[in-house]
Amino acid sequence: MTYTARQLNRATLDRQMLLRREPVDVLTAVERIVAIQAQEPASPYIALWNRIEGFDPADLDQAFTSGAIRKAALMRITLHAVTVADHEVFHHAMLPVLRASRLNDKRFRAMGLTIERADEVLAHLLEFAAEPRTKPELEELLHSHVGDVGEPGIWWALAAYAPMVRVPTGGPWAFGPRLSLQTAVIERRERMAALAEMLRRYLTGFGPATIADMNQFTMVPRTSIKEALERLDLVKTGDHYDVPDRTVPDEDTPAPPRLMAMWDSTLLAYADRSRIIPDQYRKAVIRNNGDTLPTLLVDGHVAGVWRPAEDGGIEATAFHALSEEQWAGLAEEARALRKFLGDRDPQVYRRFNRWWTGLPVSDVRIL
């Protein structure tokens, strides 16, 4: 037995709370989603707006401020919003990859620092950041220890793997351009046990999935993934692993339209991106520098992109012909999104407008 492509698509939508908005609190939603891409400050808010019935962005503000939800560098060496419990696990699971991404890089070697010296400096950094510190303050401390090591600098290396979290600094989406960071209290864990738990958590939110998918989501080597999977009680269907007692929806399950955030995790969690993004649209949606555009989901798959229009509406670009019923569904979502954005940032993502040149356009409408 193997799953059909539509079954896998519906499984993702179901576990990612995209088949229906659900009446849950922010902490429950973030735990179920597992990890929300938070590279762009607005994206966790729009991701939760798509998933929570009656979502109040002030609830996420409060969760970030209290530290109940942490924003930190994790999978794929990018920022994610996760629960405290998941952060503690994911940090230890990802640490070898995060360290290797910098300490094995030729730019680090060009600084003339040993790994031992970097770790020594890291200890000073973590002690200093026991209370929130700005990026200039952290860089000044590091310069006092290692001097001028050239570009990109020791902060570039340590920021990727230090157990630190972003601290809210204000602005419409809690985190503004001025960075503030603080050392996170993280209980020590055995790395392989942490990796196994991270993969189990991944499957709860993104399964069923293959080893290649887990590798894509984490950047952890496949050999380590295979070793960690042996520690888990999983079920396997074809090449796909899953946690026990989780069902896969019927492939004909209706999927409502959605206007997804930039870098939404559902678009990036698999090696086979066609699960959500049709192959012919992949390069239009995920640009050559990794920017992943805010997308239109129609019948559970990417059908185009959206951005705020100058007049306050939502400009929707469809990559292929849509029915009037599908356009009506997107228009209803757009009306709600306009209201949601209008209270905070009506022109969200505007600095990414350059990517709208050369899109595969079938129809453009202001909704």
# chains A, B, ... in the order shown; residues from 1 in each chain; ligands from 1

call {"tool": "residues_around", "arguments": {"residues": "Met214 of chain A", "least_positions_apart": "6", "cutoff": "12 Å", "atoms": "only C-alpha atoms", "output": "PyMOL selection string"}}
result
chain A and resi 75-76+195-196+198-203+205-208+220-226+228-229+239-242+268-272

call {"tool": "write_last_selection", "arguments": {"atoms": "N, CA, C and O atoms", "output": "short mmCIF file (atom, residue, chain, number, x, y, z; two decimals), in the first residue's frame"}}
result
data_model
loop_
_atom_site.label_atom_id
_atom_site.label_comp_id
_atom_site.auth_asym_id
_atom_site.auth_seq_id
_atom_site.Cartn_x
_atom_site.Cartn_y
_atom_site.Cartn_z
N MET A 75 15.51 24.82 12.70
CA MET A 75 15.56 24.02 11.48
C MET A 75 15.96 24.87 10.28
O MET A 75 15.55 26.01 10.15
N ARG A 76 16.78 24.25 9.42
CA ARG A 76 17.28 24.90 8.21
C ARG A 76 18.01 26.21 8.53
O ARG A 76 18.15 27.08 7.67
N LEU A 195 16.97 14.23 18.99
CA LEU A 195 16.69 14.12 17.56
C LEU A 195 15.50 13.21 17.32
O LEU A 195 14.61 13.53 16.50
N ALA A 196 15.44 12.10 18.03
CA ALA A 196 14.30 11.19 17.87
C ALA A 196 13.00 11.89 18.23
O ALA A 196 11.99 11.77 17.53
N MET A 198 12.43 15.13 18.17
CA MET A 198 12.13 16.14 17.17
C MET A 198 11.48 15.51 15.94
O MET A 198 10.52 16.05 15.38
N LEU A 199 11.97 14.36 15.52
CA LEU A 199 11.39 13.69 14.35
C LEU A 199 9.97 13.20 14.66
O LEU A 199 9.09 13.25 13.79
N ARG A 200 9.75 12.74 15.89
CA ARG A 200 8.39 12.34 16.27
C ARG A 200 7.46 13.54 16.21
O ARG A 200 6.34 13.47 15.70
N ARG A 201 7.94 14.67 16.72
CA ARG A 201 7.12 15.88 16.69
C ARG A 201 6.87 16.32 15.24
O ARG A 201 5.76 16.74 14.90
N TYR A 202 7.88 16.23 14.41
CA TYR A 202 7.70 16.57 12.99
C TYR A 202 6.58 15.73 12.38
O TYR A 202 5.71 16.26 11.67
N LEU A 203 6.59 14.44 12.66
CA LEU A 203 5.57 13.57 12.08
C LEU A 203 4.17 13.89 12.60
O LEU A 203 3.19 13.74 11.88
N GLY A 205 3.02 16.77 13.12
CA GLY A 205 2.53 17.96 12.43
C GLY A 205 2.60 17.91 10.92
O GLY A 205 1.89 18.65 10.24
N PHE A 206 3.46 17.03 10.38
CA PHE A 206 3.70 17.02 8.93
C PHE A 206 3.61 15.63 8.30
O PHE A 206 3.75 15.49 7.09
N GLY A 207 3.43 14.59 9.12
CA GLY A 207 3.41 13.25 8.58
C GLY A 207 2.14 12.95 7.78
O GLY A 207 1.19 13.74 7.80
N PRO A 208 2.15 11.82 7.07
CA PRO A 208 3.25 10.87 6.88
C PRO A 208 4.36 11.53 6.05
O PRO A 208 4.10 12.38 5.21
N VAL A 220 19.42 17.69 8.89
CA VAL A 220 20.18 16.67 9.60
C VAL A 220 20.53 15.55 8.61
O VAL A 220 19.68 15.15 7.80
N PRO A 221 21.75 15.03 8.62
CA PRO A 221 22.12 13.96 7.69
C PRO A 221 21.17 12.76 7.78
O PRO A 221 20.68 12.42 8.86
N ARG A 222 20.94 12.10 6.66
CA ARG A 222 20.00 10.99 6.62
C ARG A 222 20.45 9.83 7.50
O ARG A 222 19.62 9.11 8.06
N THR A 223 21.76 9.63 7.61
CA THR A 223 22.24 8.53 8.47
C THR A 223 21.82 8.77 9.92
O THR A 223 21.41 7.83 10.61
N SER A 224 21.91 10.00 10.38
CA SER A 224 21.49 10.32 11.75
C SER A 224 19.98 10.17 11.90
O SER A 224 19.49 9.70 12.93
N ILE A 225 19.25 10.57 10.87
CA ILE A 225 17.79 10.43 10.91
C ILE A 225 17.40 8.96 11.02
O ILE A 225 16.54 8.58 11.84
N LYS A 226 18.02 8.11 10.22
CA LYS A 226 17.71 6.68 10.27
C LYS A 226 18.01 6.10 11.65
O LYS A 226 17.23 5.30 12.18
N ALA A 228 18.03 7.70 14.50
CA ALA A 228 17.06 8.23 15.47
C ALA A 228 15.70 7.56 15.31
O ALA A 228 15.01 7.27 16.30
N LEU A 229 15.31 7.27 14.08
CA LEU A 229 14.00 6.65 13.85
C LEU A 229 13.91 5.27 14.49
O LEU A 229 12.81 4.83 14.86
N ASP A 239 7.29 4.26 1.64
CA ASP A 239 8.46 4.97 2.14
C ASP A 239 8.12 5.98 3.23
O ASP A 239 8.99 6.69 3.72
N HIS A 240 6.85 6.06 3.59
CA HIS A 240 6.40 7.10 4.51
C HIS A 240 6.26 6.59 5.94
O HIS A 240 5.61 5.57 6.18
N TYR A 241 6.87 7.33 6.87
CA TYR A 241 6.77 7.04 8.30
C TYR A 241 5.67 7.90 8.91
O TYR A 241 5.37 9.00 8.43
N ASP A 242 5.09 7.39 10.01
CA ASP A 242 4.09 8.18 10.71
C ASP A 242 4.00 7.71 12.15
O ASP A 242 4.44 6.60 12.49
N LEU A 268 7.66 24.27 2.93
CA LEU A 268 9.09 24.03 3.04
C LEU A 268 9.43 22.75 3.80
O LEU A 268 10.60 22.43 3.97
N ALA A 269 8.41 22.01 4.24
CA ALA A 269 8.64 20.89 5.16
C ALA A 269 8.94 19.57 4.48
O ALA A 269 9.16 18.57 5.16
N TYR A 270 8.98 19.55 3.15
CA TYR A 270 9.12 18.28 2.43
C TYR A 270 10.16 18.38 1.31
O TYR A 270 10.33 19.42 0.71
N ALA A 271 10.79 17.24 1.05
CA ALA A 271 11.66 17.17 -0.12
C ALA A 271 10.81 17.22 -1.38
O ALA A 271 11.19 17.83 -2.39
N ASP A 272 9.66 16.56 -1.34
CA ASP A 272 8.72 16.59 -2.46
C ASP A 272 7.77 17.76 -2.26
O ASP A 272 6.72 17.63 -1.67
#

call {"tool": "residues_around", "arguments": {"residues": "Leu330 of chain A", "least_positions_apart": "3", "cutoff": "7 Å", "atoms": "only C-alpha atoms", "output": "list in words"}}
result
Pro257, Arg258, Gln326, Trp327, Glu333 and Ala334 of chain A

call {"tool": "write_last_selection", "arguments": {"atoms": "N, CA and C atoms", "output": "JSON list (two decimals), in the first residue's frame"}}
result
[["chain", "number", "residue", "atom", "x", "y", "z"],
["A", 257, "PRO", "N", -10.15, 27.68, 0.60],
["A", 257, "PRO", "CA", -9.09, 28.58, 0.13],
["A", 257, "PRO", "C", -8.39, 29.23, 1.31],
["A", 258, "ARG", "N", -7.12, 29.55, 1.12],
["A", 258, "ARG", "CA", -6.35, 30.23, 2.15],
["A", 258, "ARG", "C", -5.36, 31.19, 1.49],
["A", 326, "GLN", "N", -14.24, 29.67, -6.99],
["A", 326, "GLN", "CA", -12.94, 29.72, -6.31],
["A", 326, "GLN", "C", -12.52, 31.16, -6.05],
["A", 327, "TRP", "N", -12.75, 32.04, -7.01],
["A", 327, "TRP", "CA", -12.45, 33.45, -6.79],
["A", 327, "TRP", "C", -13.29, 34.04, -5.66],
["A", 333, "GLU", "N", -11.84, 35.36, 1.93],
["A", 333, "GLU", "CA", -10.64, 35.32, 2.75],
["A", 333, "GLU", "C", -9.92, 36.66, 2.72],
["A", 334, "ALA", "N", -9.85, 37.26, 1.54],
["A", 334, "ALA", "CA", -9.14, 38.54, 1.39],
["A", 334, "ALA", "C", -9.79, 39.64, 2.21]]

call {"tool": "atom_distance", "arguments": {"atom1": "atom CA of Arg178 of chain A", "atom2": "atom CA of Lys71 of chain A"}}
result
14.8 Å

call {"tool": "closest_residue", "arguments": {"among": "A:Gly290, A:Gly312, A:Gly300, A:Gly147", "to": "Gln16 of chain A", "atoms": "only C-alpha atoms"}}
result
A:Gly300

call {"tool": "atom_distance", "arguments": {"atom1": "atom CA of Ala309 of chain A", "atom2": "atom CA of Asp343 of chain A"}}
result
15.7 Å

call {"tool": "select_by_dssp", "arguments": {"residues": "segment 117-363 of chain A", "states": "strand (DSSP E or B)", "output": "VMD selection string"}}
result
chain A and resid 133 to 134 164 to 166 180 to 183 209 235 to 237 240 to 242 258 to 259 286 292 295 to 298 301 to 308 314 to 318 363

call {"tool": "write_last_selection", "arguments": {"atoms": "N, CA, C and O atoms", "output": "short mmCIF file (atom, residue, chain, number, x, y, z; two decimals), in the first residue's frame"}}
result
data_model
loop_
_atom_site.label_atom_id
_atom_site.label_comp_id
_atom_site.auth_asym_id
_atom_site.auth_seq_id
_atom_site.Cartn_x
_atom_site.Cartn_y
_atom_site.Cartn_z
N ARG A 133 19.86 41.82 25.46
CA ARG A 133 20.93 42.67 24.92
C ARG A 133 20.66 42.95 23.44
O ARG A 133 20.16 42.09 22.72
N THR A 134 21.05 44.14 23.02
CA THR A 134 20.91 44.48 21.61
C THR A 134 22.07 43.86 20.82
O THR A 134 23.11 43.49 21.38
N MET A 164 20.03 31.07 22.26
CA MET A 164 19.47 32.39 22.53
C MET A 164 18.14 32.54 21.81
O MET A 164 17.89 31.87 20.79
N VAL A 165 17.30 33.41 22.32
CA VAL A 165 16.00 33.67 21.71
C VAL A 165 15.86 35.17 21.45
O VAL A 165 16.51 36.00 22.08
N ARG A 166 15.02 35.49 20.46
CA ARG A 166 14.72 36.89 20.16
C ARG A 166 13.77 37.43 21.21
O ARG A 166 12.82 36.75 21.62
N SER A 180 17.00 42.32 19.68
CA SER A 180 17.31 42.12 21.09
C SER A 180 17.27 40.62 21.34
O SER A 180 16.34 39.93 20.91
N LEU A 181 18.29 40.12 22.04
CA LEU A 181 18.39 38.68 22.26
C LEU A 181 18.70 38.40 23.72
O LEU A 181 19.26 39.24 24.43
N GLN A 182 18.35 37.19 24.13
CA GLN A 182 18.58 36.78 25.50
C GLN A 182 18.90 35.29 25.55
O GLN A 182 18.38 34.50 24.76
N THR A 183 19.76 34.91 26.48
CA THR A 183 20.09 33.51 26.67
C THR A 183 18.86 32.74 27.13
O THR A 183 18.14 33.19 28.02
N ALA A 209 5.60 11.08 6.27
CA ALA A 209 6.74 11.70 5.58
C ALA A 209 7.87 10.70 5.42
O ALA A 209 7.98 9.72 6.16
N VAL A 235 4.76 3.74 12.47
CA VAL A 235 4.19 2.89 11.43
C VAL A 235 4.77 3.35 10.10
O VAL A 235 5.15 4.51 9.94
N LYS A 236 4.83 2.42 9.15
CA LYS A 236 5.43 2.75 7.87
C LYS A 236 4.52 2.24 6.75
O LYS A 236 4.08 1.09 6.76
N THR A 237 4.25 3.13 5.81
CA THR A 237 3.45 2.80 4.63
C THR A 237 4.26 3.18 3.41
O THR A 237 4.50 4.37 3.16
N HIS A 240 6.85 6.06 3.59
CA HIS A 240 6.40 7.10 4.51
C HIS A 240 6.26 6.59 5.94
O HIS A 240 5.61 5.57 6.18
N TYR A 241 6.87 7.33 6.87
CA TYR A 241 6.77 7.04 8.30
C TYR A 241 5.67 7.90 8.91
O TYR A 241 5.37 9.00 8.43
N ASP A 242 5.09 7.39 10.01
CA ASP A 242 4.09 8.18 10.71
C ASP A 242 4.00 7.71 12.15
O ASP A 242 4.44 6.60 12.49
N ARG A 258 -7.12 29.55 1.12
CA ARG A 258 -6.35 30.23 2.15
C ARG A 258 -5.36 31.19 1.49
O ARG A 258 -4.86 30.93 0.38
N LEU A 259 -5.06 32.29 2.19
CA LEU A 259 -4.01 33.22 1.79
C LEU A 259 -2.88 33.05 2.78
O LEU A 259 -2.94 33.53 3.92
N ILE A 286 9.20 29.94 -4.71
CA ILE A 286 10.43 29.93 -3.92
C ILE A 286 11.53 30.52 -4.80
O ILE A 286 12.02 29.88 -5.73
N THR A 292 10.27 32.88 0.04
CA THR A 292 9.10 32.07 -0.30
C THR A 292 7.87 32.95 -0.18
O THR A 292 7.51 33.40 0.90
N THR A 295 1.26 32.88 -0.60
CA THR A 295 0.60 32.14 -1.66
C THR A 295 -0.91 32.05 -1.49
O THR A 295 -1.45 32.20 -0.39
N LEU A 296 -1.58 31.78 -2.61
CA LEU A 296 -2.99 31.42 -2.62
C LEU A 296 -3.07 29.90 -2.61
O LEU A 296 -2.46 29.23 -3.45
N LEU A 297 -3.82 29.34 -1.68
CA LEU A 297 -4.12 27.91 -1.70
C LEU A 297 -5.53 27.73 -2.23
O LEU A 297 -6.49 28.32 -1.70
N VAL A 298 -5.66 26.93 -3.27
CA VAL A 298 -6.96 26.57 -3.84
C VAL A 298 -7.00 25.06 -3.97
O VAL A 298 -6.09 24.47 -4.57
N HIS A 301 -3.69 23.34 -2.86
CA HIS A 301 -2.42 23.50 -3.58
C HIS A 301 -2.21 24.97 -3.94
O HIS A 301 -3.16 25.73 -4.11
N VAL A 302 -0.95 25.34 -4.09
CA VAL A 302 -0.62 26.69 -4.48
C VAL A 302 -1.16 26.96 -5.88
O VAL A 302 -0.89 26.21 -6.82
N ALA A 303 -1.93 28.04 -5.99
CA ALA A 303 -2.51 28.42 -7.28
C ALA A 303 -2.11 29.82 -7.70
O ALA A 303 -2.52 30.31 -8.75
N GLY A 304 -1.28 30.48 -6.86
CA GLY A 304 -0.87 31.83 -7.17
C GLY A 304 -0.26 32.48 -5.95
O GLY A 304 0.09 31.80 -4.97
N VAL A 305 -0.13 33.80 -5.99
CA VAL A 305 0.46 34.56 -4.89
C VAL A 305 -0.42 35.77 -4.60
O VAL A 305 -1.26 36.16 -5.40
N TRP A 306 -0.20 36.38 -3.42
CA TRP A 306 -0.94 37.59 -3.06
C TRP A 306 0.00 38.61 -2.45
O TRP A 306 1.06 38.27 -1.94
N ARG A 307 -0.44 39.86 -2.49
CA ARG A 307 0.24 40.95 -1.80
C ARG A 307 -0.77 42.08 -1.59
O ARG A 307 -1.78 42.15 -2.31
N PRO A 308 -0.52 42.95 -0.62
CA PRO A 308 -1.44 44.08 -0.44
C PRO A 308 -1.39 45.01 -1.65
O PRO A 308 -0.33 45.28 -2.21
N ILE A 314 -6.43 43.42 -1.55
CA ILE A 314 -5.45 42.35 -1.71
C ILE A 314 -5.34 42.02 -3.19
O ILE A 314 -6.34 41.69 -3.85
N GLU A 315 -4.14 42.14 -3.73
CA GLU A 315 -3.89 41.80 -5.13
C GLU A 315 -3.58 40.30 -5.22
O GLU A 315 -2.59 39.84 -4.66
N ALA A 316 -4.44 39.57 -5.89
CA ALA A 316 -4.26 38.12 -6.03
C ALA A 316 -3.88 37.80 -7.46
O ALA A 316 -4.59 38.18 -8.41
N THR A 317 -2.75 37.12 -7.63
CA THR A 317 -2.28 36.71 -8.94
C THR A 317 -2.44 35.21 -9.07
O THR A 317 -1.77 34.44 -8.36
N ALA A 318 -3.34 34.78 -9.94
CA ALA A 318 -3.55 33.34 -10.17
C ALA A 318 -2.63 32.87 -11.29
O ALA A 318 -2.49 33.54 -12.31
N ASP A 363 -4.41 35.39 -14.30
CA ASP A 363 -5.40 36.40 -13.96
C ASP A 363 -4.94 37.15 -12.72
O ASP A 363 -4.38 36.55 -11.80
#

call {"tool": "closest_residue", "arguments": {"among": "A:Leu8, A:Ala284, A:Met17, A:Ile33", "to": "Asp252 of chain A", "atoms": "only C-alpha atoms"}}
result
A:Leu8

call {"tool": "atom_distance", "arguments": {"atom1": "atom CA of Thr28 of chain A", "atom2": "atom CA of Gln347 of chain A"}}
result
28.9 Å

call {"tool": "residues_around", "arguments": {"residues": "Gly342 of chain A", "least_positions_apart": "2", "cutoff": "12 Å", "atoms": "only C-alpha atoms", "output": "ChimeraX atom specification"}}
result
/A:172,308,311-314,334-340,344-348

call {"tool": "residues_around", "arguments": {"residues": "segment 243-251 of chain A", "least_positions_apart": "6", "cutoff": "6 Å", "atoms": "only C-alpha atoms", "output": "MDAnalysis selection string"}}
result
chainID A and resid 6:7 10:11 234:235

call {"tool": "select_by_dssp", "arguments": {"residues": "segment 324-353 of chain A", "states": "alpha helix (DSSP H)", "output": "list in words"}}
result
Glu324, Glu325, Gln326, Trp327, Ala328, Gly329, Leu330, Ala331, Glu332, Glu333, Ala334, Arg335, Ala336, Leu337, Arg338, Lys339, Phe340, Leu341 and Gly342 of chain A

call {"tool": "write_last_selection", "arguments": {"atoms": "C-alpha atoms", "output": "compact mmCIF listing (two decimals), in the first residue's frame"}}
result
# COMPACT_ATOMS: atom_id res chain seq x y z
CA GLU A 324 -15.77 32.11 -10.20
CA GLU A 325 -16.65 30.01 -7.15
CA GLN A 326 -12.94 29.72 -6.31
CA TRP A 327 -12.45 33.45 -6.79
CA ALA A 328 -15.41 34.11 -4.51
CA GLY A 329 -13.83 31.95 -1.80
CA LEU A 330 -10.53 33.82 -2.11
CA ALA A 331 -12.36 37.17 -2.01
CA GLU A 332 -14.02 36.21 1.27
CA GLU A 333 -10.64 35.32 2.75
CA ALA A 334 -9.14 38.54 1.39
CA ARG A 335 -11.80 40.66 3.08
CA ALA A 336 -10.97 39.08 6.42
CA LEU A 337 -7.23 39.43 5.81
CA ARG A 338 -7.60 43.12 4.90
CA LYS A 339 -9.27 43.75 8.24
CA PHE A 340 -6.63 41.72 10.07
CA LEU A 341 -3.73 43.56 8.44
CA GLY A 342 -5.41 46.95 8.63

call {"tool": "closest_residue", "arguments": {"among": "A:Trp155, A:Tyr45, A:Trp355, A:Phe217", "to": "Arg273 of chain A", "atoms": "only C-alpha atoms"}}
result
A:Phe217

call {"tool": "residues_around", "arguments": {"residues": "Ala58 of chain A", "least_positions_apart": "6", "cutoff": "10 Å", "atoms": "only C-alpha atoms", "output": "list in words"}}
result
Tyr45, Phe64, Trp173 and Ala174 of chain A

call {"tool": "closest_residue", "arguments": {"among": "A:Trp156, A:Asp56, A:Ile277, A:Val149", "to": "Asp105 of chain A", "atoms": "only C-alpha atoms"}}
result
A:Trp156

call {"tool": "closest_residue", "arguments": {"among": "A:Arg21, A:Ala47, A:Gly238, A:Leu179", "to": "Pro136 of chain A", "atoms": "only C-alpha atoms"}}
result
A:Leu179

call {"tool": "closest_residue", "arguments": {"among": "A:Leu27, A:Leu126, A:Ala118, A:Met219", "to": "Ala68 of chain A", "atoms": "only C-alpha atoms"}}
result
A:Leu27

call {"tool": "residues_around", "arguments": {"residues": "Glu53 of chain A", "least_positions_apart": "5", "cutoff": "10 Å", "atoms": "only C-alpha atoms", "output": "list in words"}}
result
Arg20, Arg21, Glu22, Pro23, Val24, Asp25 and Leu48 of chain A

call {"tool": "residues_around", "arguments": {"residues": "segment 82-93 of chain A", "least_positions_apart": "5", "cutoff": "7 Å", "atoms": "only C-alpha atoms", "output": "list of chain:residue names"}}
result
A:Val30, A:Glu31, A:Val34, A:Ala35, A:Ile36, A:Ala68, A:Ile69, A:Arg70, A:Lys71, A:Leu74, A:Ile186, A:Glu187, A:Arg189, A:Arg191, A:Met192, A:Ala194, A:Leu195, A:Met198
